[in-house]
Structures are given as C-alpha cells and as structure tokens.
file start15.txt (compact mmCIF, C-alpha atoms)
# COMPACT_ATOMS: atom_id res chain seq x y z
CA PHE T 2 9.28 21.77 -24.29
CA PHE T 3 10.87 18.70 -22.71
CA SER T 4 10.92 15.02 -23.53
CA CYS T 5 10.86 14.07 -19.82
CA THR T 6 12.32 10.68 -20.64
CA SER T 7 15.37 11.14 -18.41
CA LEU T 8 15.19 10.96 -14.63
CA ASN T 9 17.03 14.26 -14.20
CA MET T 10 13.84 16.03 -15.23
CA MET T 11 12.33 14.78 -11.98
CA THR T 12 14.47 17.23 -10.00
CA HIS T 13 14.28 20.33 -12.20
CA LYS T 14 12.10 23.09 -10.72
CA PRO T 15 11.64 26.22 -12.86
CA ASP T 16 11.38 29.54 -11.04
CA LEU T 17 7.86 30.18 -12.33
CA ILE T 18 5.17 27.52 -12.28
CA GLU T 19 1.96 27.73 -14.28
CA CYS T 20 -0.70 26.19 -12.04
CA GLY T 21 -4.27 26.39 -13.28
CA SER T 22 -4.85 30.05 -14.16
CA TYR T 23 -2.06 31.21 -11.80
CA THR T 24 1.62 31.85 -12.34
CA LEU T 25 3.36 30.93 -9.07
CA LYS T 26 6.95 31.33 -7.91
CA TRP T 27 8.70 28.18 -6.72
CA GLY T 28 9.69 28.42 -3.06
CA GLU T 29 7.29 31.29 -2.37
CA SER T 30 3.74 30.67 -3.59
CA ILE T 31 4.27 27.01 -4.50
CA THR T 32 6.54 24.38 -3.00
CA ASP T 33 7.05 20.64 -2.56
CA MET T 34 4.31 18.56 -0.95
CA GLU T 35 4.77 17.13 2.53
CA ASP T 36 5.28 13.39 2.32
CA SER T 37 3.16 11.21 4.64
CA THR T 38 4.53 7.87 3.46
CA LEU T 39 6.39 7.05 6.69
CA HIS T 40 3.21 7.44 8.71
CA ALA T 41 1.48 4.98 6.40
CA GLN T 42 4.38 2.53 6.63
CA HIS T 43 4.22 2.68 10.43
CA ASN T 44 0.45 2.28 10.35
CA ASP T 45 0.10 5.62 12.16
CA VAL T 46 -3.51 6.13 11.10
CA ASP T 47 -4.21 8.85 13.68
CA THR T 48 -1.48 11.06 12.22
CA LEU T 49 -2.71 10.41 8.69
CA ARG T 50 -6.25 11.41 9.67
CA HIS T 51 -4.97 14.51 11.47
CA LYS T 52 -2.96 15.55 8.41
CA LEU T 53 -5.95 14.96 6.17
CA CYS T 54 -8.20 16.95 8.48
CA ASN T 55 -5.74 19.84 8.93
CA ASP T 56 -4.12 20.22 5.50
CA GLY T 57 -6.67 18.43 3.35
CA TYR T 58 -4.34 15.98 1.59
CA LEU T 59 -1.96 13.04 1.94
CA LEU T 60 0.94 12.31 -0.39
CA LEU T 61 1.81 8.62 -0.23
CA ARG T 62 4.72 7.20 -2.23
CA ASN T 63 5.02 3.75 -3.77
CA GLN T 64 1.59 2.53 -2.68
CA ILE T 65 0.34 0.85 -5.86
CA PRO T 66 2.00 -2.14 -7.63
CA THR T 67 3.60 -0.84 -10.84
CA LYS T 68 2.64 -3.98 -12.76
CA LEU T 69 -1.01 -3.08 -12.32
CA ILE T 70 -0.31 0.48 -13.45
CA ASP T 71 1.58 -0.67 -16.55
CA ALA T 72 -1.28 -2.95 -17.57
CA ALA T 73 -3.85 -0.18 -17.14
CA LEU T 74 -1.71 2.32 -19.08
CA GLN T 75 -1.44 -0.15 -21.94
CA VAL T 76 -5.26 -0.19 -22.12
CA VAL T 77 -5.33 3.62 -22.28
CA ALA T 78 -2.56 3.84 -24.87
CA SER T 79 -4.12 1.22 -27.12
CA GLY T 80 -7.50 2.93 -26.88
CA LEU T 81 -6.06 6.34 -27.71
CA GLN T 82 -4.38 4.96 -30.79
CA SER T 83 -7.17 2.71 -32.06
CA THR T 84 -10.01 5.20 -31.50
CA TRP T 85 -8.43 8.66 -31.80
CA LYS T 86 -5.19 7.97 -33.75
CA CYS T 87 -3.44 10.55 -31.57
CA VAL T 88 -0.27 8.66 -30.58
CA ASP T 89 2.88 9.20 -32.64
CA THR T 90 4.52 5.86 -33.42
CA ASP T 91 6.94 7.07 -36.12
CA GLU T 92 10.72 6.62 -35.90
CA CYS T 93 10.67 3.64 -33.55
CA LYS T 94 8.44 5.40 -31.00
CA THR T 95 6.19 3.03 -29.08
CA ILE T 96 2.55 3.42 -28.14
CA ARG T 97 3.43 3.08 -24.44
CA ASP T 98 5.60 6.21 -24.56
CA LEU T 99 2.52 8.21 -25.63
CA HIS T 100 4.29 10.70 -27.87
CA ILE T 101 1.68 13.12 -29.16
CA ALA T 102 0.82 13.03 -32.84
CA ASP T 103 0.77 16.39 -34.63
CA CYS T 104 -2.08 18.71 -33.57
CA SER T 105 -3.58 16.11 -31.21
CA THR T 106 -5.26 17.26 -28.04
CA GLY T 107 -5.97 15.58 -24.74
CA VAL T 108 -9.02 13.45 -24.03
CA LEU T 109 -11.29 13.15 -21.00
CA LEU T 110 -12.14 9.45 -20.89
CA THR T 111 -14.59 9.65 -17.98
CA GLY T 112 -17.56 7.47 -18.80
CA TYR T 113 -15.80 5.72 -21.69
CA LYS T 114 -16.29 2.22 -20.33
CA PRO T 115 -14.14 0.34 -22.87
CA ILE T 116 -11.25 1.94 -20.96
CA THR T 117 -12.57 2.91 -17.51
CA HIS T 118 -14.21 -0.48 -16.95
CA HIS T 119 -11.67 -2.64 -18.71
CA LYS T 120 -10.58 -5.55 -16.54
CA GLN T 121 -7.00 -4.24 -16.25
CA MET T 122 -8.17 -0.76 -15.24
CA GLN T 123 -10.62 -2.11 -12.68
CA SER T 124 -7.92 -4.39 -11.23
CA LEU T 125 -5.77 -1.31 -10.66
CA LEU T 126 -8.42 1.01 -9.25
CA HIS T 127 -9.85 -1.65 -6.93
CA CYS T 128 -6.54 -3.21 -5.91
CA GLN T 129 -6.10 -4.55 -2.39
CA PRO T 130 -3.46 -2.00 -1.23
CA LEU T 131 -5.84 0.85 -2.04
CA LEU T 132 -8.86 -0.86 -0.49
CA SER T 133 -6.94 -1.58 2.71
CA LEU T 134 -5.73 2.00 2.92
CA MET T 135 -9.21 3.45 2.52
CA TYR T 136 -10.59 1.04 5.12
CA LYS T 137 -7.98 2.20 7.63
CA LEU T 138 -8.65 5.88 6.96
CA PHE T 139 -12.43 5.49 7.27
CA ASP T 140 -12.42 2.80 9.96
CA ALA T 141 -15.47 1.58 8.10
CA GLU T 142 -16.43 -0.24 4.93
CA PRO T 143 -15.06 1.76 1.96
CA VAL T 144 -17.13 2.12 -1.18
CA THR T 145 -16.19 3.85 -4.41
CA HIS T 146 -18.10 5.52 -7.22
CA ASP T 147 -18.54 3.35 -10.29
CA THR T 148 -17.53 6.33 -12.44
CA LYS T 149 -13.78 6.63 -13.01
CA TRP T 150 -12.18 9.89 -14.12
CA VAL T 151 -9.41 9.09 -16.62
CA ARG T 152 -7.64 12.23 -17.85
CA VAL T 153 -5.23 12.52 -20.76
CA LYS T 154 -3.45 15.89 -21.01
CA ALA T 155 -1.56 16.98 -24.13
CA THR T 156 1.07 19.69 -24.61
CA GLY T 157 0.05 23.02 -23.12
CA GLU T 158 -3.01 21.62 -21.36
CA TYR T 159 -3.93 21.87 -17.69
CA THR T 160 -6.92 21.85 -15.34
CA ASP T 161 -8.17 25.09 -13.79
CA GLU T 162 -8.37 25.52 -10.03
CA HIS T 163 -11.56 24.08 -8.56
CA ALA T 164 -13.02 21.99 -5.73
CA ASP T 165 -14.84 18.77 -6.58
CA ILE T 166 -17.54 19.12 -3.95
CA TYR T 167 -19.88 21.09 -6.20
CA ARG T 168 -20.30 17.98 -8.36
CA PHE T 169 -21.42 15.95 -5.35
CA ALA T 170 -23.05 18.68 -3.28
CA ASP T 171 -25.87 16.61 -1.78
CA ASN T 172 -23.92 13.36 -1.38
CA ALA T 173 -20.38 14.34 -0.40
CA ARG T 174 -20.28 13.40 3.28
CA SER T 175 -16.75 12.22 4.24
CA MET T 176 -15.86 11.87 0.55
CA LEU T 177 -12.21 11.61 -0.49
CA THR T 178 -10.58 11.73 -3.91
CA VAL T 179 -7.66 9.47 -4.82
CA TRP T 180 -5.50 10.87 -7.66
CA MET T 181 -3.21 8.35 -9.29
CA PRO T 182 -0.70 8.99 -12.11
CA LEU T 183 -0.26 6.10 -14.54
CA MET T 184 3.36 7.07 -15.24
CA ASP T 185 6.15 9.20 -13.82
CA VAL T 186 4.79 12.75 -13.82
CA PRO T 187 7.51 15.32 -13.07
CA ILE T 188 6.83 19.03 -12.76
CA CYS T 189 7.29 19.56 -16.49
CA LYS T 190 4.59 17.02 -17.33
CA GLY T 191 1.77 18.78 -15.48
CA PRO T 192 1.14 16.97 -12.17
CA LEU T 193 -1.60 17.74 -9.68
CA ALA T 194 -1.18 20.70 -7.32
CA VAL T 195 -3.27 21.41 -4.21
CA CYS T 196 -3.96 24.46 -2.06
CA PRO T 197 -3.55 23.23 1.55
CA GLN T 198 -6.26 24.11 4.08
CA SER T 199 -8.56 25.54 1.38
CA HIS T 200 -11.01 22.77 2.35
CA LEU T 201 -11.63 24.69 5.60
CA LEU T 202 -13.21 27.65 3.79
CA ASN T 203 -16.97 28.22 3.79
CA PHE T 204 -18.48 25.98 1.13
CA ALA T 205 -22.10 26.49 2.13
CA ALA T 206 -22.95 28.98 -0.61
CA ALA T 207 -21.08 27.03 -3.28
CA THR T 208 -22.73 23.71 -2.46
CA ALA T 209 -26.18 25.32 -2.27
CA ALA T 210 -25.67 26.85 -5.69
CA ALA T 211 -24.43 23.54 -7.05
CA SER T 212 -27.46 21.71 -5.67
CA ALA T 213 -29.77 24.25 -7.28
CA ALA T 214 -27.92 23.97 -10.57
CA GLU T 215 -28.20 20.19 -10.56
CA ARG T 216 -31.88 20.26 -9.70
CA HIS T 217 -32.70 22.78 -12.42
CA ASN T 218 -30.27 21.50 -15.06
CA TYR T 219 -28.49 24.84 -15.29
CA TYR T 220 -25.35 23.20 -16.62
CA ASP T 221 -24.05 19.90 -17.85
CA ILE T 222 -20.91 18.61 -16.14
CA GLY T 223 -19.43 17.28 -19.36
CA ASN T 224 -20.24 20.21 -21.67
CA GLY T 225 -21.23 22.94 -19.25
CA ASP T 226 -21.19 26.67 -19.69
CA ARG T 227 -17.85 27.59 -18.12
CA GLU T 228 -19.03 31.09 -17.23
CA ASN T 229 -21.97 29.76 -15.18
CA MET T 230 -19.87 27.06 -13.53
CA GLU T 231 -17.03 29.29 -12.31
CA GLU T 232 -19.09 30.75 -9.48
CA ILE T 233 -19.54 27.34 -7.88
CA GLU T 234 -16.14 25.75 -8.52
CA VAL T 235 -14.35 27.49 -5.64
CA PRO T 236 -15.72 28.64 -2.28
CA ALA T 237 -16.49 32.22 -1.41
CA GLY T 238 -13.39 33.98 -0.15
CA PHE T 239 -10.93 31.74 -1.98
CA GLU T 240 -9.32 34.54 -3.99
CA GLU T 241 -8.52 36.43 -0.79
CA PHE T 242 -7.30 33.22 0.86
CA ASN T 243 -5.12 32.49 -2.16
CA ARG T 244 -3.21 35.76 -1.88
CA SER T 245 -1.20 34.35 1.02
CA ALA T 246 -1.61 30.64 0.30
CA VAL T 247 1.30 28.39 -0.63
CA TRP T 248 0.32 25.73 -3.15
CA THR T 249 2.08 22.36 -3.17
CA THR T 250 2.99 19.89 -5.87
CA THR T 251 5.73 17.36 -6.48
CA ASP T 252 7.45 15.07 -8.97
CA PHE T 253 5.21 12.02 -8.96
CA ARG T 254 6.53 8.56 -9.68
CA LYS T 255 4.52 5.63 -10.88
CA GLY T 256 2.98 4.02 -7.79
CA ASP T 257 2.48 7.29 -5.87
CA ILE T 258 -0.97 8.58 -4.98
CA ILE T 259 -2.45 11.65 -3.37
CA ILE T 260 -5.62 11.43 -1.27
CA PHE T 261 -7.49 14.65 -0.64
CA ASP T 262 -10.67 16.07 0.87
CA ILE T 263 -13.48 16.58 -1.64
CA ARG T 264 -13.54 20.27 -0.67
CA LEU T 265 -9.85 20.93 -1.30
CA VAL T 266 -9.11 23.42 -4.09
CA HIS T 267 -6.69 21.92 -6.60
CA ALA T 268 -5.49 22.30 -10.18
CA SER T 269 -2.87 20.86 -12.47
CA LEU T 270 0.33 22.32 -13.80
CA VAL T 271 0.77 22.81 -17.53
CA ASN T 272 2.09 19.82 -19.48
CA ARG T 273 5.26 21.19 -21.08
CA THR T 274 6.26 17.95 -22.79
CA ARG T 275 5.44 16.34 -26.12
CA GLN T 276 3.98 13.28 -24.44
CA PHE T 277 0.52 12.68 -23.03
CA ARG T 278 0.14 12.79 -19.27
CA VAL T 279 -2.34 10.17 -18.00
CA SER T 280 -3.93 10.07 -14.55
CA VAL T 281 -7.02 8.59 -12.92
CA ASP T 282 -9.02 9.87 -10.00
CA THR T 283 -11.61 7.96 -8.02
CA ARG T 284 -14.06 8.94 -5.28
CA TRP T 285 -14.40 7.09 -1.97
CA GLN T 286 -16.76 7.20 1.02
CA PRO T 287 -17.62 5.13 4.08
CA LYS T 288 -20.74 3.17 3.22
CA GLU T 289 -22.47 4.47 6.33
CA CYS T 290 -22.25 8.01 4.88
CA ILE T 291 -24.19 7.24 1.70
CA PRO T 292 -27.83 8.27 2.16
CA TYR T 293 -29.33 6.40 -0.80
CA TRP T 294 -27.72 3.24 -2.09
CA ASN T 295 -27.81 2.61 -5.86
CA SER T 296 -25.74 1.28 -8.75
CA LEU T 297 -23.53 4.39 -8.77
CA TYR T 298 -21.49 2.82 -5.96
CA VAL T 299 -19.29 -0.27 -5.77
CA ARG T 300 -18.94 -2.48 -2.68
CA PHE T 301 -16.24 -5.06 -1.97
CA PRO T 302 -17.09 -8.47 -0.48
CA GLN T 303 -14.22 -8.57 2.04
CA PHE T 304 -15.70 -5.55 3.85
CA MET T 305 -19.40 -6.35 3.58
CA ALA T 306 -19.19 -8.90 6.41
CA ILE T 307 -17.65 -6.23 8.68
CA THR T 308 -20.52 -3.86 7.96
CA HIS T 309 -23.07 -6.62 8.53
CA SER T 310 -21.49 -7.44 11.89
CA LYS T 311 -21.63 -3.78 12.95
CA GLU T 312 -25.27 -3.57 11.88
CA LEU T 313 -26.09 -6.63 14.00
CA GLU T 314 -24.35 -5.05 16.99
CA GLN T 315 -26.30 -1.82 16.51
CA LYS T 316 -29.55 -3.76 16.25
CA ALA T 317 -28.76 -5.67 19.44
CA GLU T 318 -28.05 -2.39 21.25
CA LEU T 319 -31.32 -0.95 19.98
CA ASP T 320 -33.24 -4.06 21.07
CA ASP T 321 -31.68 -3.78 24.53
CA LEU T 322 -32.74 -0.14 24.68
CA LYS T 323 -36.28 -1.01 23.65
CA ASN T 324 -36.46 -3.78 26.24
CA SER T 325 -35.20 -1.49 28.97
CA GLU T 326 -37.82 1.11 28.00
CA HIS T 327 -40.53 -1.57 28.18
CA ALA T 328 -39.30 -2.81 31.57
CA TYR T 329 -39.14 0.69 33.02
CA ALA T 330 -42.59 1.60 31.73
CA TYR T 331 -44.12 -1.67 32.97
CA GLU T 332 -42.63 -1.22 36.43
CA LYS T 333 -43.96 2.32 36.58
CA THR T 334 -47.48 1.30 35.62
CA SER T 335 -47.82 -2.12 37.29
CA GLY T 336 -50.90 -2.38 39.48
CA ASP T 337 -52.61 0.48 37.68
CA GLU T 338 -54.81 -1.14 35.04
CA ASP T 339 -56.37 2.17 34.06
CA ASN T 340 -53.00 3.44 32.92
CA PHE T 341 -51.81 0.28 31.24
CA THR T 342 -53.49 0.93 27.87
CA THR T 343 -52.21 4.49 27.89
CA PHE T 344 -48.72 3.23 28.58
CA THR T 345 -48.81 0.80 25.64
CA ASP T 346 -49.75 3.50 23.12
CA SER T 347 -47.13 5.88 24.46
CA ASP T 348 -44.47 3.21 24.51
CA ASN T 349 -45.13 2.31 20.88
CA ASP T 350 -44.57 5.92 19.98
CA VAL T 351 -41.21 5.81 21.73
CA VAL T 352 -40.22 2.62 19.96
CA ASP T 353 -41.31 3.98 16.59
CA GLN T 354 -39.23 7.08 17.20
CA LEU T 355 -36.22 4.96 18.12
CA ASP T 356 -36.65 2.95 14.94
CA PHE T 357 -36.82 6.13 12.89
CA GLU T 358 -33.67 7.58 14.46
CA ALA T 359 -31.79 4.32 14.03
call {"tool": "encode", "arguments": {"input": "start15.txt", "output": "structure tokens"}}
result
Amino acid sequence: FFSCTSLNMMTHKPDLIECGSYTLKWGESITDMEDSTLHAQHNDVDTLRHKLCNDGYLLLRNQIPTKLIDAALQVVASGLQSTWKCVDTDECKTIRDLHIADCSTGVLLTGYKPITHHKQMQSLLHCQPLLSLMYKLFDAEPVTHDTKWVRVKATGEYTDEHADIYRFADNARSMLTVWMPLMDVPICKGPLAVCPQSHLLNFAAATAAASAAERHNYYDIGNGDRENMEEIEVPAGFEEFNRSAVWTTTDFRKGDIIIFDIRLVHASLVNRTRQFRVSVDTRWQPKECIPYWNSLYVRFPQFMAITHSKELEQKAELDDLKNSEHAYAYEKTSGDEDNFTTFTDSDNDVVDQLDFEA
C-alpha cells in the first residue's frame, strides 16, 4: 500500500494494473490517456467533437477551479466523519486528508442530498467553466441530471467494467458523462480507466434488455442482483473486442476532468492507498434531445434565452412554410369554387402534419 502524499507517486506505473475485473500490463493492454487539453485551449471544438466521436472520451487538464473542488471535498470529508465515523484523525491527521479508519469501507453517496446538493457541491458541479464547455460541445443548451454520483473508494475497492447507457436506455440520446476527481488521483489511488472505441459496439440488445428490466422492475440500480445486471452492463461482443483493446488511464490532478460517451465501457483501478479516493460524475445532454421534461433535469438561465431564440426562429420558419403551402394551394384552386372546400380540408391536414412533425 502507498500513502500517495508525495508527488513522485504521480509518475510511478507498476507493470501490472488491476482494472475492474482485469489484470492489464502497462504499455501493452493499458497505457496513458491521450490529452485533448490543447484543443480546448485553442477552442478547436471540431477536433474535440471528432475525438469524442472516434475514441469516446476527452481528457482535459486543469479545467475546474481548485478552490471550488477544495470546498466541495470539505463537505464530503465532514459528512463522512460526522455520519459514518470512517475518517482517521489520530496522530495529527486531518479530515481533509481522508485517511481511512480501521475496517472502514467506501460509500456511494449518490442520492444523499446533504452532500450532493450542498451549496458548495452544487457550485462546483454547475460552475461556469464546465457549463461553457458543455455548451460548446453540444452547440446547444446544456442540461444536467439533478442526480449527482459521488463515489468514495476505500483500500482495495474498485468499480467493475460497465457502460452507463443501460441505466438511461430510453433517454440517453447524445448523453455525456463528466468524471471529476476531487483530489489528485494517481494510478495507485484507483483512477478511472476507459476502453477507447468500445462505444462503437452494438448496444441494441443491451439497451433493449435494460429497458425491459426497468419496465418490469427486474433489478434495483442501488441494490440490484449483480448476476442479473451483468448481462446488460456491457454490449454484446465486448469480451472479444477486449482481447485486442488497449485501455487508457492516467494520473489525475485536481482540476482535471474526463468527458465520455454514455456508451463507453469504463472501470476504475484498485485503490492501493490507505486514503479514500473521492470523485463525482454527472450526466449532460442537449435540451433538445430530452423527450420528456421533468424535475430530473436542471436548466441554467444563461442558456435558456438561446434556446428560446432558436425556438422562435424555428416557429418563424414553420409559419413561412405554412404560408407558402396556403399560397400554392390557393393559386392552384383559384377560380374553381367546387374544389375550394376540398382544398381547405386537405390543407388543414397538411398543416396538422407539419405541426406534429415540428
């Protein structure tokens, strides 16, 4: 085990990496992530979108103000200690260092609103740099799920390989995940790892099964039967694909994020330290891709006006189309009173159909 308090741990790469249920060899079946930060700095959105489309992920360094991260981590640390008493504060250790008390395990804080919806956490997860980035990637109003996935991993813990799409099977159009560490997370502390291009596999069977499971309550996401869930956590053909795949991970620093396609297969490395590893992931979509609006989503005022303006433009275009249809039909039937009533009924059908499609 490692303390991971010194920066030299950020460069150490063991020969064998435990990633989800796999043991991978560094430099062969797992390697360092490609960094897309320069493209973001140069506002090269086309390249970012191409990378996201082709490989399924973007690694972006130093995107989030560290002051916001520190404030949010303090909320997590205080909550862990006050509610679960799992932080070791003996021998001058501080809560912020998150040393693990004897026999303590990690905690999934998703849905625990005293932490996920604390003002400091919300300020971080809805910060302007992140909102602006998502707006550029979508070229549309970005909205996020109200649920926030806060994960606390203890010694020896990790997340199995999976794709998130099965949790959102019917409502995942253009959905992206943003994974954000709330501290430096070197290899030894169990960072996220992704399997590039796995999002291009056939997810049809997996998403259909997930939809059926949700409709019939076959499993519960929080306390589900692992055996029943495994079949729909990765797409068909992934095991064969994985035989030649090269996973990627990296030493994350506070302020870094990774954005990835909701279909991308990912996992975490094992936390080999005696400190908790804390991360948060959030889900994002263009508002125009959400079929049914409800309180599960969060909108941001600075982008609502943009959406409203686009909606007005679309309405004006539709009105012009309707008017042109009326003018054409009237010209075709002018002077023929017997056909005029027939034209009106037919034209209303056309307009109704246009309204439906719009």
call {"tool": "closest_residue", "arguments": {"input": "start15.txt", "among": "T:Glu29, T:Asp262, T:Asp16, T:Asp98", "to": "Ser245 (chain T)", "atoms": "only C-alpha atoms"}}
result
T:Glu29
call {"tool": "closest_residue", "arguments": {"input": "start15.txt", "among": "T:Ser199, T:Ser37, T:Asn324, T:Asn295", "to": "Thr145 (chain T)", "atoms": "only C-alpha atoms"}}
result
T:Asn295
call {"tool": "atom_distance", "arguments": {"input": "start15.txt", "atom1": "CA of Met176 (chain T)", "atom2": "CA of Glu158 (chain T)"}}
result
27.2 Å
call {"tool": "residues_around", "arguments": {"input": "start15.txt", "residues": "region 134-144 of chain T", "least_positions_apart": "5", "cutoff": "9 Å", "atoms": "all atoms listed in the file", "output": "NGL selection string"}}
result
:T and (41 or 44 or 46-47 or 49-50 or 129 or 175 or 284-289 or 298-301 or 304-305 or 307-308)
call {"tool": "closest_residue", "arguments": {"input": "start15.txt", "among": "T:Ala78, T:Leu109, T:Ala194, T:Ile259", "to": "His163 (chain T)", "atoms": "only C-alpha atoms"}}
result
T:Ala194
call {"tool": "residues_around", "arguments": {"input": "start15.txt", "residues": "Asp56 (chain T)", "least_positions_apart": "2", "cutoff": "9 Å", "atoms": "all atoms listed in the file", "output": "number ranges by chain"}}
result
T: 51-54, 58-59, 196-201, 261, 265
call {"tool": "residues_around", "arguments": {"input": "start15.txt", "residues": "Gly28 (chain T)", "least_positions_apart": "6", "cutoff": "10 Å", "atoms": "only C-alpha atoms", "output": "ChimeraX atom specification"}}
result
/T:14,16-17,247-249
call {"tool": "residues_around", "arguments": {"input": "start15.txt", "residues": "Met184 (chain T)", "least_positions_apart": "4", "cutoff": "9 Å", "atoms": "only C-alpha atoms", "output": "tab-separated table (two decimals) with C-alpha atoms, in the coordinates of the input"}}
result
chain	number	residue	atom	x	y	z
T	70	ILE	CA	-0.31	0.48	-13.45
T	71	ASP	CA	1.58	-0.67	-16.55
T	74	LEU	CA	-1.71	2.32	-19.08
T	253	PHE	CA	5.21	12.02	-8.96
T	254	ARG	CA	6.53	8.56	-9.68
T	255	LYS	CA	4.52	5.63	-10.88
T	256	GLY	CA	2.98	4.02	-7.79
T	278	ARG	CA	0.14	12.79	-19.27
T	279	VAL	CA	-2.34	10.17	-18.00
T	280	SER	CA	-3.93	10.07	-14.55
call {"tool": "atom_distance", "arguments": {"input": "start15.txt", "atom1": "CA of Leu126 (chain T)", "atom2": "CA of Arg273 (chain T)"}}
result
27.1 Å
call {"tool": "closest_residue", "arguments": {"input": "start15.txt", "among": "T:Phe277, T:Pro192, T:Phe204, T:Asp161", "to": "Thr250 (chain T)", "atoms": "all atoms listed in the file"}}
result
T:Pro192
call {"tool": "atom_distance", "arguments": {"input": "start15.txt", "atom1": "CA of Asp165 (chain T)", "atom2": "CA of Val179 (chain T)"}}
result
11.9 Å
call {"tool": "closest_residue", "arguments": {"input": "start15.txt", "among": "T:Glu162, T:Glu35, T:Asp257, T:Asp45", "to": "Asp185 (chain T)", "atoms": "only C-alpha atoms"}}
result
T:Asp257
call {"tool": "residues_around", "arguments": {"input": "start15.txt", "residues": "region 234-243 of chain T", "least_positions_apart": "5", "cutoff": "7 Å", "atoms": "only C-alpha atoms", "output": "short mmCIF file (atom, residue, chain, number, x, y, z; two decimals) with C-alpha atoms, in the coordinates of the input"}}
result
data_model
loop_
_atom_site.label_atom_id
_atom_site.label_comp_id
_atom_site.auth_asym_id
_atom_site.auth_seq_id
_atom_site.Cartn_x
_atom_site.Cartn_y
_atom_site.Cartn_z
CA HIS T 163 -11.56 24.08 -8.56
CA ALA T 164 -13.02 21.99 -5.73
CA TYR T 167 -19.88 21.09 -6.20
CA LEU T 202 -13.21 27.65 3.79
CA ASN T 203 -16.97 28.22 3.79
CA PHE T 204 -18.48 25.98 1.13
CA ALA T 207 -21.08 27.03 -3.28
CA VAL T 266 -9.11 23.42 -4.09
#
call {"tool": "closest_residue", "arguments": {"input": "start15.txt", "among": "T:Pro187, T:Asp89, T:Gln42, T:Ala72", "to": "Pro15 (chain T)", "atoms": "only C-alpha atoms"}}
result
T:Pro187
